[in-house]
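Have a look at upload-v4.txt below; it lists compact mmCIF, C-alpha atoms and all ligand atoms.
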# COMPACT_ATOMS: atom_id res chain seq x y z
CA MET K 1224 46.60 -108.53 -32.62
CA LYS K 1225 49.73 -106.71 -33.58
CA PHE K 1226 50.90 -106.77 -37.13
CA ILE K 1227 54.28 -105.19 -37.32
CA ASP K 1228 56.63 -107.10 -35.17
CA TYR K 1229 60.20 -106.11 -34.53
CA VAL K 1230 62.63 -107.76 -32.15
CA GLU K 1231 66.39 -107.53 -31.66
CA ILE K 1232 68.24 -110.60 -30.50
CA GLU K 1233 71.79 -111.93 -30.19
CA VAL K 1234 72.96 -115.25 -31.51
CA THR K 1235 76.17 -117.09 -30.70
CA ALA K 1236 77.13 -120.18 -32.59
CA GLY K 1237 79.02 -122.92 -30.75
CA ASN K 1238 82.81 -122.89 -30.50
CA GLY K 1239 84.71 -125.69 -32.12
CA GLY K 1240 86.12 -128.33 -29.80
CA HIS K 1241 89.88 -128.39 -29.12
CA GLY K 1242 92.11 -130.87 -30.82
CA CYS K 1243 93.59 -133.54 -28.58
CA VAL K 1244 97.23 -134.33 -27.79
CA SER K 1245 97.63 -138.00 -27.18
CA PHE K 1246 99.98 -140.86 -28.00
CA HIS K 1247 99.07 -144.37 -28.74
CA THR K 1248 99.67 -146.70 -25.85
CA GLU K 1249 99.19 -150.40 -25.88
CA LYS K 1250 100.75 -153.29 -24.11
CA PHE K 1251 104.02 -154.21 -25.80
CA VAL K 1252 103.90 -151.07 -27.92
CA PRO K 1253 105.61 -148.63 -25.61
CA LYS K 1254 106.05 -145.77 -28.03
CA GLY K 1255 103.01 -145.46 -30.23
CA GLY K 1256 102.55 -142.52 -32.55
CA PRO K 1257 100.36 -139.48 -32.00
CA ASP K 1258 96.67 -140.32 -32.04
CA GLY K 1259 94.93 -137.17 -30.75
CA GLY K 1260 91.67 -136.63 -32.66
CA ASP K 1261 90.20 -133.37 -33.97
CA GLY K 1262 87.69 -131.36 -32.02
CA GLY K 1263 84.05 -131.45 -33.15
CA HIS K 1264 82.51 -128.48 -34.96
CA GLY K 1265 80.43 -126.04 -33.01
CA GLY K 1266 76.69 -125.99 -33.69
CA SER K 1267 75.40 -123.31 -36.04
CA ILE K 1268 72.36 -121.09 -35.77
CA TYR K 1269 69.75 -121.31 -38.50
CA ALA K 1270 66.57 -119.42 -39.21
CA LEU K 1271 63.60 -121.46 -40.41
CA ALA K 1272 60.32 -120.16 -41.83
CA ASP K 1273 57.60 -121.99 -39.93
CA PRO K 1274 54.06 -121.59 -41.29
CA GLN K 1275 52.60 -122.44 -37.87
CA LEU K 1276 53.85 -119.19 -36.40
CA THR K 1277 52.28 -115.80 -36.87
CA THR K 1278 54.14 -113.52 -34.46
CA LEU K 1279 57.59 -112.92 -33.03
CA LEU K 1280 56.22 -113.04 -29.52
CA ASP K 1281 58.53 -115.78 -28.25
CA TYR K 1282 61.55 -113.72 -29.18
CA ARG K 1283 60.49 -110.88 -26.93
CA TYR K 1284 61.08 -113.01 -23.88
CA LYS K 1285 64.33 -114.67 -24.78
CA ARG K 1286 66.92 -112.44 -26.37
CA HIS K 1287 70.03 -114.56 -26.57
CA TYR K 1288 70.37 -117.80 -28.47
CA LYS K 1289 73.35 -120.14 -28.40
CA ALA K 1290 74.26 -123.29 -30.21
CA GLN K 1291 76.18 -126.11 -28.55
CA PRO K 1292 79.98 -126.16 -28.67
CA GLY K 1293 81.83 -129.02 -30.28
CA GLN K 1294 83.47 -131.49 -27.95
CA GLY K 1295 87.22 -131.95 -27.72
CA GLY K 1296 88.95 -134.65 -29.71
CA GLY K 1297 90.00 -137.82 -27.93
CA SER K 1298 92.80 -140.28 -28.00
CA GLY K 1299 92.64 -143.07 -30.51
CA ARG K 1300 91.93 -140.52 -33.28
CA LYS K 1301 88.50 -139.92 -31.91
CA THR K 1302 86.91 -136.81 -33.34
CA GLY K 1303 84.91 -134.85 -30.81
CA ARG K 1304 81.16 -134.79 -31.22
CA SER K 1305 79.86 -131.79 -33.11
CA GLY K 1306 77.61 -129.37 -31.25
CA LYS K 1307 73.90 -129.39 -31.98
CA ASP K 1308 72.57 -126.64 -34.22
CA THR K 1309 70.02 -124.23 -32.89
CA ILE K 1310 67.11 -123.52 -35.17
CA LEU K 1311 65.18 -120.30 -34.75
CA LYS K 1312 61.64 -120.94 -35.91
CA LEU K 1313 60.20 -117.76 -37.32
CA PRO K 1314 56.94 -116.82 -38.98
CA VAL K 1315 56.90 -116.78 -42.75
CA GLY K 1316 57.54 -113.22 -43.86
CA THR K 1317 60.21 -112.46 -41.27
CA VAL K 1318 63.20 -110.51 -42.53
CA VAL K 1319 66.42 -111.17 -40.64
CA LYS K 1320 68.85 -108.25 -40.63
CA ASP K 1321 72.39 -107.86 -39.37
CA GLN K 1322 72.16 -104.96 -36.95
CA ASN K 1323 75.73 -103.84 -37.42
CA SER K 1324 75.70 -103.59 -41.20
CA ASP K 1325 71.93 -103.21 -41.56
CA ASN K 1326 72.15 -105.75 -44.38
CA ILE K 1327 69.40 -108.27 -44.90
CA ILE K 1328 70.69 -111.72 -44.05
CA VAL K 1329 67.59 -113.50 -45.28
CA ASP K 1330 63.97 -112.84 -46.16
CA LEU K 1331 62.02 -115.87 -45.00
CA ASP K 1332 59.41 -115.43 -47.66
CA GLU K 1333 58.52 -119.08 -48.13
CA PRO K 1334 57.43 -121.77 -45.70
CA GLY K 1335 60.24 -124.13 -44.88
CA LYS K 1336 63.01 -121.80 -46.03
CA LYS K 1337 66.10 -122.39 -43.89
CA TYR K 1338 69.14 -120.19 -43.74
CA LEU K 1339 72.44 -120.15 -41.89
CA ILE K 1340 72.63 -117.15 -39.57
CA ALA K 1341 75.78 -117.79 -37.50
CA LYS K 1342 78.24 -120.50 -38.32
CA GLY K 1343 79.64 -122.77 -35.66
CA GLY K 1344 83.43 -122.74 -35.15
CA LYS K 1345 85.53 -125.44 -36.72
CA GLY K 1346 87.05 -128.01 -34.46
CA GLY K 1347 90.81 -127.80 -33.89
CA HIS K 1348 93.17 -130.44 -35.25
CA GLY K 1349 94.44 -133.09 -32.90
CA ASN K 1350 98.14 -133.83 -32.74
CA GLU K 1351 97.82 -136.71 -35.15
CA TYR K 1352 97.27 -134.14 -37.88
CA TYR K 1353 100.70 -132.58 -37.25
CA LYS K 1354 102.62 -135.76 -37.65
CA SER K 1355 105.17 -135.48 -40.46
CA SER K 1356 108.39 -137.10 -41.57
CA THR K 1357 110.34 -134.55 -39.58
CA ASN K 1358 108.11 -134.59 -36.55
CA GLN K 1359 106.91 -138.00 -35.50
CA THR K 1360 105.82 -136.90 -32.06
CA PRO K 1361 104.03 -133.57 -32.36
CA ARG K 1362 102.94 -132.30 -28.99
CA LYS K 1363 100.71 -129.62 -30.27
CA ALA K 1364 97.05 -129.58 -31.07
CA GLN K 1365 94.90 -126.78 -32.34
CA ASP K 1366 92.28 -124.92 -30.33
CA GLY K 1367 88.76 -124.95 -31.67
CA PHE K 1368 87.63 -121.86 -33.55
CA PRO K 1369 85.08 -119.54 -32.03
CA GLY K 1370 81.49 -119.67 -33.25
CA GLU K 1371 80.13 -116.58 -34.96
CA PHE K 1372 78.35 -113.97 -32.89
CA LYS K 1373 75.74 -111.70 -34.41
CA GLN K 1374 73.31 -109.09 -33.30
CA ILE K 1375 70.30 -109.44 -35.49
CA ALA K 1376 66.97 -107.76 -35.95
CA LEU K 1377 63.85 -109.74 -36.78
CA GLU K 1378 61.21 -107.86 -38.66
CA LEU K 1379 57.90 -109.40 -39.57
CA LYS K 1380 56.44 -107.72 -42.55
CA LEU K 1381 52.78 -107.03 -42.62
CA LEU K 1382 51.17 -109.99 -44.32
CA ALA K 1383 47.64 -109.62 -45.52
CA ASP K 1384 45.02 -112.00 -44.16
CA VAL K 1385 42.48 -111.00 -46.73
CA GLY K 1386 43.03 -110.18 -50.39
CA LEU K 1387 40.63 -108.23 -52.61
CA VAL K 1388 40.50 -109.59 -56.12
CA GLY K 1389 38.34 -108.07 -58.83
CA LEU K 1390 38.09 -106.57 -62.27
CA PRO K 1391 39.35 -103.00 -62.70
CA ASN K 1392 36.89 -100.47 -61.32
CA ALA K 1393 34.99 -103.11 -59.32
CA GLY K 1394 35.27 -101.07 -56.13
CA LYS K 1395 38.13 -102.81 -54.31
CA SER K 1396 39.94 -99.70 -53.16
CA THR K 1397 36.67 -98.19 -52.00
CA ILE K 1398 36.11 -101.23 -49.77
CA LEU K 1399 39.59 -100.93 -48.31
CA SER K 1400 39.11 -97.22 -47.64
CA SER K 1401 35.66 -97.65 -46.04
CA PHE K 1402 36.77 -100.37 -43.68
CA SER K 1403 40.29 -99.28 -42.78
CA ALA K 1404 42.31 -96.15 -42.25
CA ALA K 1405 44.13 -96.76 -45.54
CA ARG K 1406 43.51 -94.12 -48.19
CA PRO K 1407 44.09 -95.70 -51.57
CA LYS K 1408 43.33 -93.69 -54.68
CA ILE K 1409 39.79 -94.17 -55.91
CA ALA K 1410 38.46 -93.13 -59.31
CA ASP K 1411 35.86 -94.13 -61.84
CA TYR K 1412 38.31 -95.46 -64.38
CA PRO K 1413 40.10 -98.80 -64.57
CA PHE K 1414 43.61 -99.33 -63.23
CA THR K 1415 43.43 -96.61 -60.64
CA THR K 1416 45.35 -98.82 -58.26
CA LEU K 1417 48.88 -99.38 -59.53
CA LYS K 1418 50.41 -101.08 -56.55
CA PRO K 1419 48.98 -103.03 -53.63
CA ASN K 1420 47.68 -101.16 -50.62
CA LEU K 1421 47.32 -102.62 -47.18
CA GLY K 1422 45.01 -101.59 -44.42
CA ILE K 1423 44.05 -102.88 -41.01
CA VAL K 1424 40.36 -103.67 -40.77
CA LYS K 1425 38.83 -103.78 -37.34
CA LEU K 1426 36.52 -106.76 -37.09
CA ARG K 1427 35.49 -106.12 -33.51
CA GLU K 1428 37.15 -104.83 -30.39
CA TYR K 1429 40.67 -106.30 -30.06
CA LYS K 1430 40.28 -108.19 -33.28
CA SER K 1431 41.46 -107.06 -36.65
CA CYS K 1432 42.84 -108.32 -39.91
CA VAL K 1433 45.08 -106.98 -42.62
CA MET K 1434 43.42 -106.44 -45.98
CA ALA K 1435 45.25 -106.06 -49.27
CA ASP K 1436 43.87 -104.21 -52.26
CA ILE K 1437 45.63 -105.16 -55.47
CA PRO K 1438 45.35 -103.72 -58.96
CA GLY K 1439 42.43 -104.96 -61.02
CA LEU K 1440 42.69 -108.24 -62.89
CA ILE K 1441 41.55 -108.71 -66.44
CA GLU K 1442 41.20 -111.80 -68.55
CA GLY K 1443 44.70 -112.95 -69.41
CA ALA K 1444 46.24 -111.31 -66.34
CA ALA K 1445 48.03 -114.50 -65.41
CA ASP K 1446 49.76 -114.34 -68.81
CA GLY K 1447 50.85 -110.79 -68.20
CA LYS K 1448 47.91 -108.73 -69.46
CA GLY K 1449 47.04 -105.60 -67.55
CA LEU K 1450 48.71 -104.99 -64.22
CA GLY K 1451 47.27 -107.58 -61.94
CA HIS K 1452 49.35 -110.66 -62.43
CA GLN K 1453 52.56 -109.34 -60.95
CA PHE K 1454 50.59 -108.64 -57.81
CA LEU K 1455 48.96 -112.02 -57.56
CA ARG K 1456 51.85 -113.19 -55.47
CA HIS K 1457 50.50 -110.96 -52.70
CA ILE K 1458 47.31 -112.95 -52.87
CA GLN K 1459 49.39 -116.10 -52.54
CA ARG K 1460 50.14 -115.01 -49.03
CA THR K 1461 46.60 -114.19 -47.96
CA GLY K 1462 44.44 -116.70 -46.19
CA LEU K 1463 41.10 -115.45 -47.48
CA ILE K 1464 40.21 -114.21 -50.94
CA LEU K 1465 37.38 -111.78 -51.54
CA TYR K 1466 36.12 -111.74 -55.09
CA VAL K 1467 34.84 -108.20 -55.50
CA ILE K 1468 32.18 -107.86 -58.20
CA ASP K 1469 30.22 -104.77 -59.21
CA ILE K 1470 26.51 -105.55 -59.00
CA ASN K 1471 26.10 -103.85 -62.36
CA GLU K 1472 28.09 -106.57 -64.09
CA LEU K 1473 25.83 -108.31 -66.57
CA ASP K 1474 26.73 -111.78 -65.45
CA ILE K 1475 28.07 -112.10 -61.93
CA ALA K 1476 28.72 -115.83 -62.16
CA GLU K 1477 30.65 -115.31 -65.38
CA THR K 1478 32.74 -112.53 -63.83
CA HIS K 1479 33.44 -114.78 -60.90
CA ALA K 1480 34.60 -117.49 -63.28
CA VAL K 1481 36.94 -115.07 -65.06
CA LEU K 1482 38.53 -114.05 -61.78
CA GLU K 1483 38.88 -117.63 -60.64
CA LYS K 1484 40.43 -118.62 -63.93
CA GLU K 1485 43.10 -115.92 -63.57
CA LEU K 1486 43.97 -117.09 -60.09
CA GLU K 1487 44.05 -120.68 -61.23
CA ASP K 1488 46.33 -119.91 -64.18
CA PHE K 1489 48.67 -118.13 -61.82
CA ASP K 1490 48.67 -120.76 -59.09
CA LYS K 1491 46.26 -123.68 -58.88
CA GLN K 1492 46.51 -123.76 -55.11
CA LEU K 1493 44.75 -120.43 -54.91
CA LEU K 1494 41.41 -122.02 -55.72
CA LYS K 1495 41.66 -124.10 -52.57
CA ARG K 1496 41.84 -120.93 -50.48
CA PRO K 1497 38.66 -119.96 -48.62
CA SER K 1498 36.85 -117.25 -50.49
CA VAL K 1499 33.78 -115.05 -50.35
CA THR K 1500 32.16 -113.23 -53.23
CA VAL K 1501 31.47 -109.63 -52.36
CA ILE K 1502 28.92 -108.04 -54.64
CA THR K 1503 29.34 -104.34 -54.19
CA LYS K 1504 27.80 -100.99 -55.14
CA ILE K 1505 24.33 -102.21 -54.17
CA ASP K 1506 23.33 -98.61 -53.49
CA THR K 1507 23.20 -98.11 -57.24
CA LEU K 1508 20.28 -100.47 -57.76
CA PRO K 1509 16.87 -100.88 -56.17
CA GLU K 1510 16.77 -103.37 -53.34
CA SER K 1511 14.42 -105.63 -55.31
CA ASP K 1512 17.36 -106.45 -57.58
CA LEU K 1513 19.24 -108.21 -54.79
CA LYS K 1514 18.29 -111.74 -55.70
CA ASP K 1515 19.35 -115.00 -54.19
CA ILE K 1516 22.15 -116.18 -56.45
CA SER K 1517 23.62 -118.83 -54.17
CA LYS K 1518 23.00 -121.51 -56.82
CA GLU K 1519 25.06 -119.65 -59.38
CA LEU K 1520 28.18 -119.11 -57.30
CA PRO K 1521 30.65 -121.67 -56.01
CA ASP K 1522 31.33 -119.86 -52.74
CA ASP K 1523 29.42 -117.80 -50.18
CA TYR K 1524 28.45 -114.33 -51.19
CA ILE K 1525 27.30 -111.11 -49.63
CA TYR K 1526 25.86 -107.86 -50.92
CA ILE K 1527 27.38 -104.61 -49.76
CA SER K 1528 27.76 -100.99 -50.56
CA ALA K 1529 31.14 -99.60 -49.66
CA VAL K 1530 29.64 -96.12 -49.97
CA SER K 1531 26.44 -96.39 -47.90
CA LYS K 1532 27.96 -99.18 -45.78
CA LYS K 1533 24.89 -101.29 -46.26
CA GLY K 1534 25.79 -104.89 -45.51
CA ALA K 1535 28.89 -103.82 -43.58
CA LYS K 1536 28.02 -105.89 -40.52
CA GLN K 1537 27.59 -109.12 -42.48
CA PHE K 1538 30.73 -108.31 -44.42
CA LEU K 1539 32.87 -108.07 -41.28
CA GLU K 1540 31.20 -111.07 -39.66
CA GLU K 1541 31.78 -113.19 -42.72
CA ILE K 1542 35.47 -112.27 -42.83
CA GLU K 1543 35.85 -113.04 -39.16
CA ARG K 1544 34.06 -116.36 -39.51
CA LYS K 1545 36.20 -117.47 -42.43
CA LEU K 1546 39.44 -116.39 -40.79
CA ASP K 1547 38.52 -118.17 -37.57
CA GLN K 1548 37.65 -121.32 -39.43
CA GLN K 1549 40.98 -121.26 -41.09
CA ARG K 1550 42.95 -120.69 -37.92
CA PHE K 1551 41.12 -123.62 -36.47
CA GLU K 1552 41.92 -125.84 -39.42
CA ARG K 1553 45.59 -124.96 -39.54
N1 LIG K 1601 27.86 -96.00 -55.69
C1 LIG K 1601 28.94 -96.68 -55.38
N2 LIG K 1601 30.08 -96.46 -56.05
C2 LIG K 1601 31.17 -97.17 -55.71
C3 LIG K 1601 31.15 -98.14 -54.69
N3 LIG K 1601 32.37 -98.68 -54.59
C4 LIG K 1601 33.13 -98.06 -55.52
N4 LIG K 1601 32.42 -97.16 -56.20
C5 LIG K 1601 32.90 -96.31 -57.30
O1 LIG K 1601 33.43 -97.14 -58.32
C6 LIG K 1601 34.58 -96.57 -58.91
C7 LIG K 1601 35.75 -97.50 -58.83
O2 LIG K 1601 36.11 -97.70 -57.49
P1 LIG K 1601 37.56 -98.15 -57.02
O3 LIG K 1601 37.45 -98.47 -55.56
O4 LIG K 1601 38.60 -97.19 -57.43
O5 LIG K 1601 37.71 -99.49 -57.86
P2 LIG K 1601 38.94 -100.51 -57.91
O6 LIG K 1601 38.36 -101.87 -57.96
O7 LIG K 1601 39.88 -100.21 -56.81
O8 LIG K 1601 39.54 -100.13 -59.33
P3 LIG K 1601 41.06 -100.35 -59.88
O9 LIG K 1601 41.99 -99.91 -58.82
O10 LIG K 1601 41.11 -99.48 -61.06
O11 LIG K 1601 41.14 -101.78 -60.20
C8 LIG K 1601 34.80 -95.25 -58.17
O12 LIG K 1601 34.22 -94.21 -58.93
C9 LIG K 1601 34.05 -95.46 -56.88
O13 LIG K 1601 33.59 -94.24 -56.33
C10 LIG K 1601 29.89 -98.36 -53.99
O14 LIG K 1601 29.75 -99.19 -53.09
N5 LIG K 1601 28.84 -97.60 -54.39
MG MG K 1602 41.75 -99.67 -56.90
Once you've parsed the file, please lay out its structure as structure tokens.
Amino acid sequence: MKFIDYVEIEVTAGNGGHGCVSFHTEKFVPKGGPDGGDGGHGGSIYALADPQLTTLLDYRYKRHYKAQPGQGGGSGRKTGRSGKDTILKLPVGTVVKDQNSDNIIVDLDEPGKKYLIAKGGKGGHGNEYYKSSTNQTPRKAQDGFPGEFKQIALELKLLADVGLVGLPNAGKSTILSSFSAARPKIADYPFTTLKPNLGIVKLREYKSCVMADIPGLIEGAADGKGLGHQFLRHIQRTGLILYVIDINELDIAETHAVLEKELEDFDKQLLKRPSVTVITKIDTLPESDLKDISKELPDDYIYISAVSKKGAKQFLEEIERKLDQQRFER
């Protein structure tokens, strides 16, 4: 799986239809007035954030996108039919840039977000429009206007599949550094991590996921305490939440509840996300302390040591299983 996607494409909106020159004719009305209708508008090109998509693959094969032109106006004041819009469905997280100016046209950061990329040309006026007191028989009509043309770049930002959530000092960054090539700062004091780090974790050959390590959460984080809450929006984008808890915490279930509460206060939907509790630093206690606590926790849990890598296999398998489940359900 590839995580940074970048594609350059061209888009051409539809031209407007031409206005029509026509005069009213009817039996017994030999000299009717002008009745040429306006041309229809050209179709526009829109970008739409589609949560079903995860890559820009389709855009590698087709590089030019057009929208339909508007049709010409007709006699009898008939306005031409407008051209159909073309909608580019893109994965959530795609940034659309204008290649010439390098400006961001839109950041499709939310599912369903729709944005105009290239506007269709306006239809031209038919000759009826030019009728005036001084010119009762205008013979001119207006051409349709050209649709916009743009060269754009599509860039899919790395979105994390898995988010590490835990109290400060729980061992989140150590997990990210043991299972990916990312090298976040690690230290034995709280709030070592000040901004999110991303790493690619290899689950097995040809299969990987993106993991995000965010600053530690404390009670009240959702109300702005500590550092964590401003980074919870990164977790909003991840499909799987790992609650990272130090095995030396006095009450693991209670710690879990604190973390859950912070997520819930930030966004209720987060509690519906699949999650796994990762109890870490097991190398610091004798093995006999690894009890079955499945009754105390609301989700699945695993014991690991990010230092000795004990439990690493189950850790990766569990992530893979949960991610697969989710892809299947989507
Ligand atoms: N023995 C042992 N120590 C660990 C393990 N994981 C982390 N540590 C230690 O715990 C301390 C905190 O680890 P970090 O990975 O920085 O913790 P964090 O959750 O990222 O902390 P913040 O970024 O401050 O929220 C460091 O001193 C680590 O060396 C582990 O599995 N075993
Ligand atoms: Mg950290």
**OP:** Excluding segment 1293-1308 of chain K and residues on its chain fewer than 3 positions from it, collect all residues at most 9 Å away from it, counting only C-alpha atoms, and give them as a PyMOL selection string.
**Re:** chain K and resi 1236-1247+1257-1269+1289-1290+1343-1349+1351+1367
**OP:** Find the residues near ligand LIG 1601 (chain K). Use a cut-off of 6 Å, count all atoms listed in the file, and write them as number ranges by chain.
**Re:** K: 1391-1397, 1409-1416, 1438-1439, 1503-1504, 1506-1507, 1528-1530
Next, dump the selected residues to file, keeping only C-alpha atoms, as an mmCIF file, keeping the file's coordinate frame.
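Output file again-v9.cif is given in full below:
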data_model
loop_
_atom_site.group_PDB
_atom_site.id
_atom_site.type_symbol
_atom_site.label_atom_id
_atom_site.label_comp_id
_atom_site.auth_asym_id
_atom_site.auth_seq_id
_atom_site.Cartn_x
_atom_site.Cartn_y
_atom_site.Cartn_z
ATOM 1 C CA PRO K 1391 39.350 -103.000 -62.700
ATOM 2 C CA ASN K 1392 36.890 -100.470 -61.320
ATOM 3 C CA ALA K 1393 34.990 -103.110 -59.320
ATOM 4 C CA GLY K 1394 35.270 -101.070 -56.130
ATOM 5 C CA LYS K 1395 38.130 -102.810 -54.310
ATOM 6 C CA SER K 1396 39.940 -99.700 -53.160
ATOM 7 C CA THR K 1397 36.670 -98.190 -52.000
ATOM 8 C CA ILE K 1409 39.790 -94.170 -55.910
ATOM 9 C CA ALA K 1410 38.460 -93.130 -59.310
ATOM 10 C CA ASP K 1411 35.860 -94.130 -61.840
ATOM 11 C CA TYR K 1412 38.310 -95.460 -64.380
ATOM 12 C CA PRO K 1413 40.100 -98.800 -64.570
ATOM 13 C CA PHE K 1414 43.610 -99.330 -63.230
ATOM 14 C CA THR K 1415 43.430 -96.610 -60.640
ATOM 15 C CA THR K 1416 45.350 -98.820 -58.260
ATOM 16 C CA PRO K 1438 45.350 -103.720 -58.960
ATOM 17 C CA GLY K 1439 42.430 -104.960 -61.020
ATOM 18 C CA THR K 1503 29.340 -104.340 -54.190
ATOM 19 C CA LYS K 1504 27.800 -100.990 -55.140
ATOM 20 C CA ASP K 1506 23.330 -98.610 -53.490
ATOM 21 C CA THR K 1507 23.200 -98.110 -57.240
ATOM 22 C CA SER K 1528 27.760 -100.990 -50.560
ATOM 23 C CA ALA K 1529 31.140 -99.600 -49.660
ATOM 24 C CA VAL K 1530 29.640 -96.120 -49.970
#
Original post:
Taking only C-alpha atoms and all ligand atoms into account, which of K:Gly1389, K:Pro1509, K:Gly1462, K:Gly1316 comes nearest ligand MG 1602 (chain K)?
Top reply: K:Gly1389
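For the pair atom CA of Phe1402 of chain K and atom CA of Ala1535 of chain K, the separation is 8.6 Å.
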Subject >> Atom pair atom CA of Ile1441 of chain K / atom CA of Asp1515 of chain K: separation (Å) >> reply: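 A separation of 26.1 Å between them.
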Please return the centre and edge lengths, in Å to one decimal, of a box with edges along x, y and z that contains all listed atoms of segment 1382-1395 of chain K, widened by 6 Å on every side, as JSON.
{"center_x": 43.1, "center_y": -106.2, "center_z": -53.4, "size_x": 28.2, "size_y": 23.5, "size_z": 30.5}
Original post:
Which residue gives the smallest distance to Ile1542 of chain K among K:Ile1437, K:Ile1525, K:Val1388, K:Val1329, with only C-alpha atoms counted?
Top reply: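 For Ile1542 of chain K, the nearest of the candidates is K:Ile1525.
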